[in-house]
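Data file: entry_39.cif. Format and content: mmCIF, C-alpha atoms and all ligand atoms.
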data_target
#
loop_
_atom_site.group_PDB
_atom_site.id
_atom_site.type_symbol
_atom_site.label_atom_id
_atom_site.label_comp_id
_atom_site.auth_asym_id
_atom_site.auth_seq_id
_atom_site.Cartn_x
_atom_site.Cartn_y
_atom_site.Cartn_z
ATOM 1 C CA MET A 7 -18.564 -1.784 -5.532
ATOM 2 C CA GLN A 8 -20.535 1.384 -5.990
ATOM 3 C CA TYR A 9 -18.604 3.537 -8.429
ATOM 4 C CA PRO A 10 -18.002 7.208 -7.698
ATOM 5 C CA GLU A 11 -19.268 9.846 -10.077
ATOM 6 C CA TRP A 12 -16.007 11.480 -11.137
ATOM 7 C CA ILE A 13 -12.491 10.443 -12.062
ATOM 8 C CA TRP A 14 -9.417 12.371 -13.220
ATOM 9 C CA HIS A 15 -8.064 11.108 -16.552
ATOM 10 C CA ASN A 16 -5.331 12.520 -18.798
ATOM 11 C CA GLY A 17 -5.532 16.071 -17.551
ATOM 12 C CA GLY A 18 -9.014 16.675 -16.249
ATOM 13 C CA ILE A 19 -12.053 15.468 -14.351
ATOM 14 C CA LYS A 20 -14.609 13.423 -16.277
ATOM 15 C CA PRO A 21 -17.546 11.109 -15.511
ATOM 16 C CA TRP A 22 -16.377 7.670 -14.268
ATOM 17 C CA ALA A 23 -17.756 5.828 -17.324
ATOM 18 C CA GLU A 24 -15.839 7.998 -19.783
ATOM 19 C CA ALA A 25 -12.375 7.147 -18.456
ATOM 20 C CA THR A 26 -11.638 4.361 -20.928
ATOM 21 C CA THR A 27 -8.482 3.100 -22.634
ATOM 22 C CA HIS A 28 -7.824 1.083 -25.799
ATOM 23 C CA VAL A 29 -7.747 -2.729 -25.552
ATOM 24 C CA MET A 30 -4.357 -2.719 -27.287
ATOM 25 C CA SER A 31 -2.760 -0.503 -24.643
ATOM 26 C CA HIS A 32 0.740 -1.699 -23.772
ATOM 27 C CA GLY A 33 -0.051 -1.688 -20.044
ATOM 28 C CA LEU A 34 -2.864 -4.187 -20.455
ATOM 29 C CA HIS A 35 -0.678 -6.699 -22.326
ATOM 30 C CA TYR A 36 2.631 -6.310 -20.523
ATOM 31 C CA GLY A 37 1.849 -5.069 -17.011
ATOM 32 C CA SER A 38 3.536 -1.737 -17.768
ATOM 33 C CA SER A 39 1.778 0.481 -15.289
ATOM 34 C CA VAL A 40 2.831 2.159 -12.068
ATOM 35 C CA PHE A 41 0.436 3.179 -9.358
ATOM 36 C CA GLU A 42 -0.152 4.301 -5.802
ATOM 37 C CA GLY A 43 -2.682 3.671 -3.066
ATOM 38 C CA ILE A 44 -3.281 6.623 -0.775
ATOM 39 C CA ARG A 45 -5.809 7.279 1.960
ATOM 40 C CA ALA A 46 -7.639 10.427 2.896
ATOM 41 C CA TYR A 47 -9.039 10.514 6.436
ATOM 42 C CA ALA A 48 -11.823 12.504 8.042
ATOM 43 C CA THR A 49 -10.044 14.459 10.777
ATOM 44 C CA PRO A 50 -11.508 16.919 13.301
ATOM 45 C CA GLY A 51 -10.135 19.712 11.072
ATOM 46 C CA GLY A 52 -11.779 18.268 7.909
ATOM 47 C CA SER A 53 -10.584 15.700 5.375
ATOM 48 C CA ALA A 54 -6.849 15.308 4.942
ATOM 49 C CA ILE A 55 -4.713 13.232 2.565
ATOM 50 C CA PHE A 56 -2.037 11.173 4.324
ATOM 51 C CA ARG A 57 1.538 11.613 3.039
ATOM 52 C CA LEU A 58 0.405 12.597 -0.441
ATOM 53 C CA GLN A 59 3.744 14.024 -1.529
ATOM 54 C CA ASP A 60 5.591 10.896 -0.401
ATOM 55 C CA HIS A 61 3.219 8.735 -2.429
ATOM 56 C CA THR A 62 3.598 10.959 -5.486
ATOM 57 C CA ARG A 63 7.368 10.806 -5.112
ATOM 58 C CA ARG A 64 7.199 6.997 -5.075
ATOM 59 C CA LEU A 65 4.939 7.018 -8.163
ATOM 60 C CA PHE A 66 7.554 9.014 -10.070
ATOM 61 C CA ALA A 67 10.321 6.754 -8.748
ATOM 62 C CA SER A 68 8.438 3.663 -9.977
ATOM 63 C CA ALA A 69 7.949 5.335 -13.375
ATOM 64 C CA ARG A 70 11.648 6.186 -13.547
ATOM 65 C CA ILE A 71 12.637 2.556 -13.059
ATOM 66 C CA TYR A 72 10.584 1.685 -16.148
ATOM 67 C CA ASP A 73 11.599 4.747 -18.244
ATOM 68 C CA MET A 74 8.052 6.053 -18.199
ATOM 69 C CA ALA A 75 7.919 9.834 -18.515
ATOM 70 C CA ILE A 76 4.734 10.848 -16.737
ATOM 71 C CA PRO A 77 3.473 13.853 -18.724
ATOM 72 C CA TYR A 78 2.410 15.813 -15.618
ATOM 73 C CA THR A 79 4.328 17.361 -12.756
ATOM 74 C CA PRO A 80 4.091 15.954 -9.223
ATOM 75 C CA GLU A 81 2.231 19.151 -8.270
ATOM 76 C CA GLU A 82 -0.330 18.560 -11.026
ATOM 77 C CA LEU A 83 -0.949 15.008 -9.821
ATOM 78 C CA ASP A 84 -1.205 16.166 -6.206
ATOM 79 C CA ALA A 85 -3.807 18.695 -7.345
ATOM 80 C CA ALA A 86 -5.637 15.929 -9.239
ATOM 81 C CA CYS A 87 -5.781 13.862 -6.044
ATOM 82 C CA HIS A 88 -7.320 16.732 -4.120
ATOM 83 C CA GLU A 89 -9.763 17.470 -6.912
ATOM 84 C CA VAL A 90 -11.044 13.931 -7.309
ATOM 85 C CA VAL A 91 -11.751 13.566 -3.564
ATOM 86 C CA ARG A 92 -13.457 16.934 -3.443
ATOM 87 C CA ARG A 93 -15.550 16.371 -6.576
ATOM 88 C CA ASN A 94 -16.745 12.983 -5.309
ATOM 89 C CA GLU A 95 -17.646 14.660 -2.006
ATOM 90 C CA LEU A 96 -15.722 12.047 -0.045
ATOM 91 C CA ARG A 97 -14.755 12.694 3.550
ATOM 92 C CA GLN A 98 -12.735 9.493 3.791
ATOM 93 C CA ALA A 99 -11.257 7.959 0.652
ATOM 94 C CA TYR A 100 -8.831 5.573 -0.975
ATOM 95 C CA LEU A 101 -7.012 7.213 -3.880
ATOM 96 C CA ARG A 102 -5.534 5.385 -6.820
ATOM 97 C CA PRO A 103 -3.221 7.346 -9.133
ATOM 98 C CA VAL A 104 -2.118 5.111 -12.020
ATOM 99 C CA ALA A 105 0.086 5.739 -15.059
ATOM 100 C CA TRP A 106 0.403 3.222 -17.858
ATOM 101 C CA ARG A 107 1.858 2.708 -21.278
ATOM 102 C CA GLY A 108 -0.996 3.397 -23.636
ATOM 103 C CA LEU A 109 -1.681 2.780 -27.310
ATOM 104 C CA GLY A 110 1.252 3.482 -29.618
ATOM 105 C CA GLY A 111 2.991 0.613 -31.238
ATOM 106 C CA PHE A 112 3.595 -3.027 -30.526
ATOM 107 C CA GLY A 113 6.533 -4.733 -28.918
ATOM 108 C CA LEU A 114 8.038 -4.646 -25.490
ATOM 109 C CA SER A 115 10.233 -1.590 -25.973
ATOM 110 C CA ALA A 116 7.643 0.494 -27.849
ATOM 111 C CA GLU A 117 7.663 4.177 -26.907
ATOM 112 C CA THR A 118 3.997 4.645 -26.215
ATOM 113 C CA PRO A 119 2.204 7.655 -24.773
ATOM 114 C CA ILE A 120 1.821 7.507 -20.982
ATOM 115 C CA ASP A 121 -1.792 7.710 -19.837
ATOM 116 C CA VAL A 122 -2.625 8.791 -16.299
ATOM 117 C CA ALA A 123 -5.725 8.536 -14.138
ATOM 118 C CA VAL A 124 -6.580 9.249 -10.513
ATOM 119 C CA ALA A 125 -9.597 7.497 -8.986
ATOM 120 C CA SER A 126 -10.993 7.893 -5.488
ATOM 121 C CA TRP A 127 -13.687 6.014 -3.624
ATOM 122 C CA HIS A 128 -14.861 5.226 -0.140
ATOM 123 C CA MET A 129 -13.029 2.250 1.375
ATOM 124 C CA GLY A 130 -13.386 0.559 4.758
ATOM 125 C CA PRO A 131 -10.936 -1.959 6.327
ATOM 126 C CA TYR A 132 -9.112 -3.762 3.486
ATOM 127 C CA LEU A 133 -8.783 -7.164 5.151
ATOM 128 C CA GLY A 134 -12.416 -7.293 6.233
ATOM 129 C CA GLU A 135 -14.687 -5.945 8.951
ATOM 130 C CA GLY A 136 -13.204 -6.597 12.353
ATOM 131 C CA ALA A 137 -9.677 -7.231 10.970
ATOM 132 C CA LEU A 138 -8.222 -4.170 12.703
ATOM 133 C CA THR A 139 -9.519 -5.208 16.113
ATOM 134 C CA GLU A 140 -9.733 -9.002 16.029
ATOM 135 C CA GLY A 141 -6.786 -9.621 13.714
ATOM 136 C CA ILE A 142 -6.528 -12.106 10.873
ATOM 137 C CA ASP A 143 -5.274 -15.640 10.341
ATOM 138 C CA ALA A 144 -2.377 -15.666 7.883
ATOM 139 C CA CYS A 145 -0.384 -18.372 6.117
ATOM 140 C CA VAL A 146 3.036 -18.580 4.536
ATOM 141 C CA SER A 147 2.515 -18.803 0.807
ATOM 142 C CA SER A 148 3.828 -21.581 -1.394
ATOM 143 C CA TRP A 149 4.747 -18.753 -3.811
ATOM 144 C CA GLN A 150 7.983 -16.837 -3.309
ATOM 145 C CA ARG A 151 8.576 -13.191 -4.132
ATOM 146 C CA PHE A 152 10.701 -12.424 -7.196
ATOM 147 C CA ALA A 153 14.479 -12.797 -6.908
ATOM 148 C CA PRO A 154 16.769 -9.756 -6.933
ATOM 149 C CA ASN A 155 17.601 -8.482 -10.408
ATOM 150 C CA THR A 156 14.508 -10.030 -11.929
ATOM 151 C CA ILE A 157 11.546 -7.725 -11.296
ATOM 152 C CA PRO A 158 12.304 -4.740 -9.061
ATOM 153 C CA ALA A 159 10.247 -5.103 -5.893
ATOM 154 C CA GLY A 160 10.939 -1.471 -5.042
ATOM 155 C CA ALA A 161 8.748 -0.259 -7.906
ATOM 156 C CA LYS A 162 5.010 -0.238 -7.348
ATOM 157 C CA ALA A 163 4.304 -1.528 -10.837
ATOM 158 C CA GLY A 164 1.223 -3.331 -12.117
ATOM 159 C CA GLY A 165 3.180 -6.434 -13.178
ATOM 160 C CA ASN A 166 4.459 -6.978 -9.630
ATOM 161 C CA TYR A 167 0.921 -7.660 -8.542
ATOM 162 C CA LEU A 168 0.799 -10.941 -10.445
ATOM 163 C CA SER A 169 2.949 -12.179 -7.565
ATOM 164 C CA GLY A 170 0.657 -10.518 -5.016
ATOM 165 C CA GLN A 171 -2.405 -12.091 -6.639
ATOM 166 C CA LEU A 172 -0.925 -15.590 -6.445
ATOM 167 C CA VAL A 173 -0.108 -15.101 -2.766
ATOM 168 C CA ALA A 174 -3.436 -13.484 -1.826
ATOM 169 C CA ARG A 175 -5.651 -15.830 -3.844
ATOM 170 C CA GLU A 176 -3.931 -18.944 -2.541
ATOM 171 C CA ALA A 177 -4.378 -17.682 1.025
ATOM 172 C CA ARG A 178 -8.099 -16.963 0.528
ATOM 173 C CA ARG A 179 -8.652 -20.303 -1.217
ATOM 174 C CA LEU A 180 -7.179 -22.070 1.808
ATOM 175 C CA GLY A 181 -9.372 -20.045 4.161
ATOM 176 C CA PHE A 182 -6.781 -17.557 5.436
ATOM 177 C CA GLY A 183 -7.180 -13.800 5.649
ATOM 178 C CA GLU A 184 -3.878 -13.043 3.926
ATOM 179 C CA GLY A 185 -0.685 -14.684 2.675
ATOM 180 C CA ILE A 186 2.898 -13.950 3.684
ATOM 181 C CA ALA A 187 5.637 -14.533 1.119
ATOM 182 C CA LEU A 188 9.240 -15.578 1.539
ATOM 183 C CA ALA A 189 11.947 -14.042 -0.621
ATOM 184 C CA SER A 190 13.979 -16.193 -3.022
ATOM 185 C CA THR A 191 16.551 -16.422 -0.207
ATOM 186 C CA GLY A 192 13.980 -18.335 1.843
ATOM 187 C CA LEU A 193 13.877 -15.488 4.362
ATOM 188 C CA LEU A 194 10.772 -13.517 5.223
ATOM 189 C CA SER A 195 9.676 -10.877 2.736
ATOM 190 C CA GLU A 196 6.191 -9.342 3.161
ATOM 191 C CA GLY A 197 2.476 -9.904 2.798
ATOM 192 C CA ALA A 198 0.697 -9.962 -0.564
ATOM 193 C CA GLY A 199 0.161 -6.208 -0.307
ATOM 194 C CA GLU A 200 1.470 -5.345 3.152
ATOM 195 C CA ASN A 201 4.736 -5.031 5.047
ATOM 196 C CA LEU A 202 5.378 -7.079 8.186
ATOM 197 C CA PHE A 203 6.332 -6.236 11.756
ATOM 198 C CA LEU A 204 7.221 -8.773 14.441
ATOM 199 C CA VAL A 205 7.526 -7.884 18.122
ATOM 200 C CA PHE A 206 10.135 -9.471 20.371
ATOM 201 C CA ASP A 207 10.548 -8.259 23.967
ATOM 202 C CA GLY A 208 8.787 -4.971 23.267
ATOM 203 C CA ALA A 209 10.933 -4.109 20.210
ATOM 204 C CA LEU A 210 9.760 -3.983 16.597
ATOM 205 C CA HIS A 211 11.511 -6.072 13.984
ATOM 206 C CA THR A 212 10.791 -5.575 10.297
ATOM 207 C CA THR A 213 12.233 -7.085 7.133
ATOM 208 C CA PRO A 214 14.709 -4.927 5.147
ATOM 209 C CA VAL A 215 14.121 -3.480 1.666
ATOM 210 C CA SER A 216 16.618 -6.040 0.338
ATOM 211 C CA ALA A 217 14.045 -8.760 1.144
ATOM 212 C CA ALA A 218 12.092 -8.250 -2.133
ATOM 213 C CA LEU A 219 9.518 -5.923 -0.632
ATOM 214 C CA LEU A 220 7.898 -2.622 -1.390
ATOM 215 C CA ASN A 221 9.296 0.060 0.887
ATOM 216 C CA GLY A 222 5.933 0.964 2.354
ATOM 217 C CA ILE A 223 5.014 4.442 3.430
ATOM 218 C CA THR A 224 2.962 3.004 6.295
ATOM 219 C CA ARG A 225 6.021 0.959 7.290
ATOM 220 C CA ASP A 226 8.031 4.167 7.393
ATOM 221 C CA SER A 227 5.274 5.947 9.378
ATOM 222 C CA ILE A 228 5.237 3.118 11.932
ATOM 223 C CA ILE A 229 9.027 3.142 12.274
ATOM 224 C CA ARG A 230 8.944 6.886 12.931
ATOM 225 C CA LEU A 231 5.955 6.805 15.293
ATOM 226 C CA ALA A 232 7.580 3.962 17.234
ATOM 227 C CA ARG A 233 10.924 5.734 17.543
ATOM 228 C CA ASP A 234 9.173 8.967 18.593
ATOM 229 C CA ALA A 235 7.483 6.928 21.349
ATOM 230 C CA GLY A 236 10.736 5.312 22.490
ATOM 231 C CA ILE A 237 9.965 1.882 20.989
ATOM 232 C CA ALA A 238 13.092 0.280 19.473
ATOM 233 C CA VAL A 239 12.911 -0.668 15.781
ATOM 234 C CA VAL A 240 15.256 -3.087 14.056
ATOM 235 C CA GLU A 241 15.330 -3.716 10.294
ATOM 236 C CA ARG A 242 16.816 -7.155 9.763
ATOM 237 C CA ASP A 243 16.642 -10.397 7.859
ATOM 238 C CA LEU A 244 14.190 -12.714 9.568
ATOM 239 C CA PRO A 245 13.769 -16.438 9.061
ATOM 240 C CA ARG A 246 10.308 -17.930 8.643
ATOM 241 C CA GLU A 247 10.229 -19.618 12.044
ATOM 242 C CA TYR A 248 10.338 -16.241 13.784
ATOM 243 C CA LEU A 249 6.711 -15.847 12.708
ATOM 244 C CA TYR A 250 5.923 -18.685 15.111
ATOM 245 C CA LEU A 251 8.143 -17.398 17.914
ATOM 246 C CA CYS A 252 7.359 -13.692 18.093
ATOM 247 C CA ASP A 253 5.240 -12.129 20.839
ATOM 248 C CA GLU A 254 3.160 -10.106 18.389
ATOM 249 C CA LEU A 255 2.823 -9.824 14.630
ATOM 250 C CA PHE A 256 1.054 -7.332 12.381
ATOM 251 C CA MET A 257 0.800 -6.279 8.750
ATOM 252 C CA CYS A 258 0.701 -2.733 7.547
ATOM 253 C CA GLY A 259 -0.046 -0.805 4.413
ATOM 254 C CA THR A 260 -2.165 2.039 3.170
ATOM 255 C CA ALA A 261 -5.090 -0.305 2.578
ATOM 256 C CA ALA A 262 -4.456 -2.704 5.500
ATOM 257 C CA GLU A 263 -3.453 0.129 7.910
ATOM 258 C CA ILE A 264 -2.288 -1.807 11.000
ATOM 259 C CA THR A 265 -3.834 -5.280 10.946
ATOM 260 C CA PRO A 266 -2.903 -7.664 13.786
ATOM 261 C CA ILE A 267 -2.136 -11.274 12.853
ATOM 262 C CA ARG A 268 -3.452 -13.735 15.412
ATOM 263 C CA SER A 269 -2.165 -16.923 13.814
ATOM 264 C CA VAL A 270 0.215 -18.086 11.087
ATOM 265 C CA ASP A 271 -0.167 -21.498 9.446
ATOM 266 C CA GLY A 272 -2.651 -22.440 12.140
ATOM 267 C CA ARG A 273 -0.231 -21.647 14.983
ATOM 268 C CA GLN A 274 -1.335 -18.996 17.453
ATOM 269 C CA VAL A 275 0.869 -15.892 17.589
ATOM 270 C CA GLY A 276 1.480 -14.658 21.143
ATOM 271 C CA ALA A 277 -1.803 -14.443 23.000
ATOM 272 C CA GLY A 278 -3.798 -14.839 19.764
ATOM 273 C CA ARG A 279 -4.942 -11.224 19.732
ATOM 274 C CA ALA A 280 -3.442 -7.774 19.269
ATOM 275 C CA GLY A 281 -0.693 -7.373 21.858
ATOM 276 C CA PRO A 282 0.338 -4.218 23.746
ATOM 277 C CA VAL A 283 2.887 -2.936 21.220
ATOM 278 C CA THR A 284 0.472 -3.430 18.308
ATOM 279 C CA LEU A 285 -2.298 -1.683 20.251
ATOM 280 C CA ARG A 286 0.012 1.201 21.114
ATOM 281 C CA LEU A 287 1.013 1.639 17.471
ATOM 282 C CA GLN A 288 -2.603 1.487 16.334
ATOM 283 C CA GLU A 289 -3.396 4.177 18.894
ATOM 284 C CA LEU A 290 -0.522 6.366 17.648
ATOM 285 C CA PHE A 291 -1.345 5.770 13.976
ATOM 286 C CA PHE A 292 -5.120 6.227 14.117
ATOM 287 C CA GLY A 293 -4.530 9.036 16.618
ATOM 288 C CA LEU A 294 -3.071 11.056 13.757
ATOM 289 C CA PHE A 295 -6.528 11.135 12.220
ATOM 290 C CA ASP A 296 -8.676 11.775 15.299
ATOM 291 C CA GLY A 297 -6.288 14.324 16.805
ATOM 292 C CA ARG A 298 -4.835 12.228 19.671
ATOM 293 C CA THR A 299 -1.393 12.038 18.028
ATOM 294 C CA PRO A 300 0.240 15.339 17.077
ATOM 295 C CA ASP A 301 1.176 15.441 13.387
ATOM 296 C CA ARG A 302 4.778 16.359 14.113
ATOM 297 C CA HIS A 303 6.070 15.206 10.719
ATOM 298 C CA GLY A 304 3.529 17.204 8.681
ATOM 299 C CA TRP A 305 1.987 14.084 7.133
ATOM 300 C CA LEU A 306 -1.594 15.321 6.922
ATOM 301 C CA GLU A 307 -2.419 17.526 3.969
ATOM 302 C CA PRO A 308 -5.797 19.247 4.446
ATOM 303 C CA LEU A 309 -8.113 18.757 1.500
ATOM 304 C CA ARG A 310 -8.025 21.847 -0.683
ATOM 305 C CA GLY A 311 -11.369 23.579 -0.893
HETATM 306 N N1 LIG B 401 3.932 -4.161 -0.010
HETATM 307 C C1 LIG B 401 3.167 -4.278 -1.099
HETATM 308 C C2 LIG B 401 3.439 -5.368 -2.065
HETATM 309 C C3 LIG B 401 2.115 -3.381 -1.298
HETATM 310 O O1 LIG B 401 1.332 -3.485 -2.368
HETATM 311 C C4 LIG B 401 1.863 -2.369 -0.349
HETATM 312 C C5 LIG B 401 0.712 -1.430 -0.529
HETATM 313 N N2 LIG B 401 1.049 -0.356 -1.356
HETATM 314 C C6 LIG B 401 2.707 -2.287 0.765
HETATM 315 C C7 LIG B 401 3.733 -3.205 0.896
HETATM 316 C C8 LIG B 401 2.530 -1.205 1.774
HETATM 317 O O2 LIG B 401 2.909 0.025 1.210
HETATM 318 P P1 LIG B 401 2.254 1.392 1.682
HETATM 319 O O3 LIG B 401 2.349 1.430 3.143
HETATM 320 O O4 LIG B 401 3.081 2.438 1.032
HETATM 321 O O5 LIG B 401 0.849 1.400 1.209
#
Represent the structure contained in this file as structure tokens.
Amino acid sequence: MQYPEWIWHNGGIKPWAEATTHVMSHGLHYGSSVFEGIRAYATPGGSAIFRLQDHTRRLFASARIYDMAIPYTPEELDAACHEVVRRNELRQAYLRPVAWRGLGGFGLSAETPIDVAVASWHMGPYLGEGALTEGIDACVSSWQRFAPNTIPAGAKAGGNYLSGQLVAREARRLGFGEGIALASTGLLSEGAGENLFLVFDGALHTTPVSAALLNGITRDSIIRLARDAGIAVVERDLPREYLYLCDELFMCGTAAEITPIRSVDGRQVGAGRAGPVTLRLQELFFGLFDGRTPDRHGWLEPLRG
């Protein structure tokens, strides 16, 4: 990875190399961090950040679950996001706001200061070149997601990604593009870092937030784009075998965008390539950024100059 020049850290922009933290920071030992992943796209009207305020709202919600008082306002962090893209002269970017328990005492319940950084860098397709068009081969992981009332799946917290790492690394080790996890109920949950959509008879089916998943902002965008276009969307519990029976299957997330899945556990899904509903949703979603889809929900925030 080629590092960008600038990063925002604890209140201001500084050179990338100077944004350091102490090795005894609470977040490093106990996973006590909350973060976001956001994309900025190059649109015909200039660069724009996608659903920034919704991401910032989720960052504060994640922090609230863990009693972390982020010492900045949402408006200050939004401004930091704009500034770090602009200063790095990025037209297209992935943004990573992160807040963590810093240095200030030992022990799980220590009241430490909360450190905050916002990084931004250029990022292409997350699941590899060609993933968006050709699709990926996925597998059901041998690892389950955490059970309800253990670790809250609805928080985007650093510690949750120990689960995601087990799922993703197992999948890659076995030669798959990504892993899909079941919830502790045995029902479908989500991908290592992506939500899931299955298509049956032209309708979209997605797993509910009660299935140990992160309530993705891309998931929400897809639900709204689909409904705007007259495509039915159902949120429901789904058993594993529906992965093998559906007409189409895709993953979505800020990083993964809309990635078709052409096989699961070595079984071909549908025709083994992106089907018509997936293609239509890709067209609607990516159309937001090239101007083909009107931004009727006000999701694009032009980069501040
Ligand atoms: N689930 C998990 C576990 C994730 O890490 C992500 C990526 N943030 C998603 C789903 C998708 O969420 P979003 O669309 O908000 O990026």
Minimum-distance residue to Gly160 in chain A, chosen among A:Leu220, A:Ile267, A:Leu294, A:Val205 (using all atoms listed in the file):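 Of all the options, A:Leu220 lies closest to Gly160 in chain A.
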Adding 5 Å on each side of the box along x, y and z that holds all listed atoms of ligand LIG 401 (chain B), could you give its centre and edge lengths in Å to one decimal, as lines of an AutoDock Vina configuration file?
center_x = 2.3
center_y = -1.5
center_z = 0.4
size_x = 13.2
size_y = 17.8
size_z = 15.5
Shell of 10 Å around Ala23 in chain A, only C-alpha atoms, local chain residues under 3 positions omitted, as a list in words: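 Residues near the query, excluding close chain neighbours: Tyr9, Pro10, Glu11, Trp12, Ile13, Lys20 and Thr26 of chain A.
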Ala46 in chain A environment, 6 Å, all atoms listed in the file, sequence neighbours closer than 2 positions dropped, as a ChimeraX atom specification: /A:54-56,98-99
Residues within 9 Å of Leu138 in chain A, all atoms listed in the file, excluding chain neighbours under 2 positions, as a list in words: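 With the cut-off at 9 Å, the set is Pro131, Leu133, Gly134, Glu135, Gly136, Glu140, Gly141, Ile142, Ala262, Glu263, Ile264, Thr265, Pro266, Ala280 and Gln288 of chain A.
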Nearest candidate to ligand LIG 401 (chain B) (options A:Arg179, A:Arg225, A:His35, A:Arg45; using only C-alpha atoms and all ligand atoms):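 Using only C-alpha atoms and all ligand atoms, the shortest distance to ligand LIG 401 (chain B) belongs to A:Arg225.
Interatomic distance, CA of Glu200 in chain A against CA of Cys145 in chain A: 13.5 Å.
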Near-ligand residues for ligand LIG 401 (chain B), threshold 9 Å, all atoms listed in the file, as a PyMOL selection string: chain A and resi 41-45+60-61+64+159-160+162+166-167+169-170+196-202+219-227+257-263
Residue with smallest distance to Asp234 in chain A - pool A:Ala217, A:Leu290, A:Leu251, A:Met129, counting all atoms listed in the file: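 Of A:Ala217, A:Leu290, A:Leu251, A:Met129, the one nearest Asp234 in chain A, counting all atoms listed in the file, is A:Leu290.
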Non-local contacts of range 271-276 of chain A (8 Å; all atoms listed in the file; under 3 positions in same chain excluded) as a list in words: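 The residues that qualify are Asp143, Ala144, Cys145, Val146, Leu249, Tyr250, Leu251, Cys252, Asp253, Glu254, Leu255, Ile267, Arg268, Arg279 and Gly281 of chain A.
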Atomic distance CA of His28 in chain A - CA of Ser115 in chain A, expressed in Å with one decimal: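 Answer for the CA of His28 in chain A to CA of Ser115 in chain A separation: 18.3 Å.
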Result set of the PyMOL selection byres (((chain A and resi 76) around 8) and not hetatm) on the coordinates above, as an NGL selection string: :A and (66 or 69 or 74-75 or 77-79 or 105 or 120-122)
Interatomic distance, CA of Phe291 in chain A to CA of Pro103 in chain A (Å, one decimal):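 Interatomic distance, CA of Phe291 in chain A to CA of Pro103 in chain A: 23.2 Å.
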Sphere at (-1.9, -19.2, -1.4), radius 10 Å, counting all atoms listed in the file: residues as a list in words: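 Residues close enough to count: Ala144, Cys145, Val146, Ser147, Ser148, Trp149, Gly170, Gln171, Leu172, Val173, Ala174, Arg175, Glu176, Ala177, Arg178, Arg179, Leu180, Gly181, Phe182, Glu184, Gly185, Ile186, Ala187 and Ala198 of chain A.
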The PyMOL selection byres (((chain A and resi 97) around 10) and not hetatm) resolved against shown file, as a ChimeraX atom specification: /A:46-49,52-54,91-92,94-96,98-99,127-128,309
Of the listed residues A:Leu58, A:Ala67, A:Met7, A:Val40, that which approaches Trp106 in chain A most closely, counting all atoms listed in the file: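 Answer, going by the shortest atom-to-atom distance: A:Val40.
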Residue with smallest distance to Leu188 in chain A - pool A:Gly165, A:Gly236, A:Pro245, A:Pro80, counting all atoms listed in the file: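 Counting all atoms listed in the file, the residue closest to Leu188 in chain A is A:Pro245.
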Pick from A:Leu65, A:Ile71, A:Leu34, A:Ala277 nearest to Val104 in chain A, counting all atoms listed in the file: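 With all atoms listed in the file as the atom set, the closest residue is A:Leu65.
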Residues within 9 Å of (4.9, 0.2, -28.6), file coordinates, counting only C-alpha atoms: what are they? Give the list as a compact mmCIF listing (two decimals) with C-alpha atoms, keeping the file's coordinate frame.
# COMPACT_ATOMS: atom_id res chain seq x y z
CA SER A 31 -2.76 -0.50 -24.64
CA HIS A 32 0.74 -1.70 -23.77
CA ARG A 107 1.86 2.71 -21.28
CA GLY A 108 -1.00 3.40 -23.64
CA LEU A 109 -1.68 2.78 -27.31
CA GLY A 110 1.25 3.48 -29.62
CA GLY A 111 2.99 0.61 -31.24
CA PHE A 112 3.60 -3.03 -30.53
CA GLY A 113 6.53 -4.73 -28.92
CA LEU A 114 8.04 -4.65 -25.49
CA SER A 115 10.23 -1.59 -25.97
CA ALA A 116 7.64 0.49 -27.85
CA GLU A 117 7.66 4.18 -26.91
CA THR A 118 4.00 4.64 -26.22
CA PRO A 119 2.20 7.66 -24.77
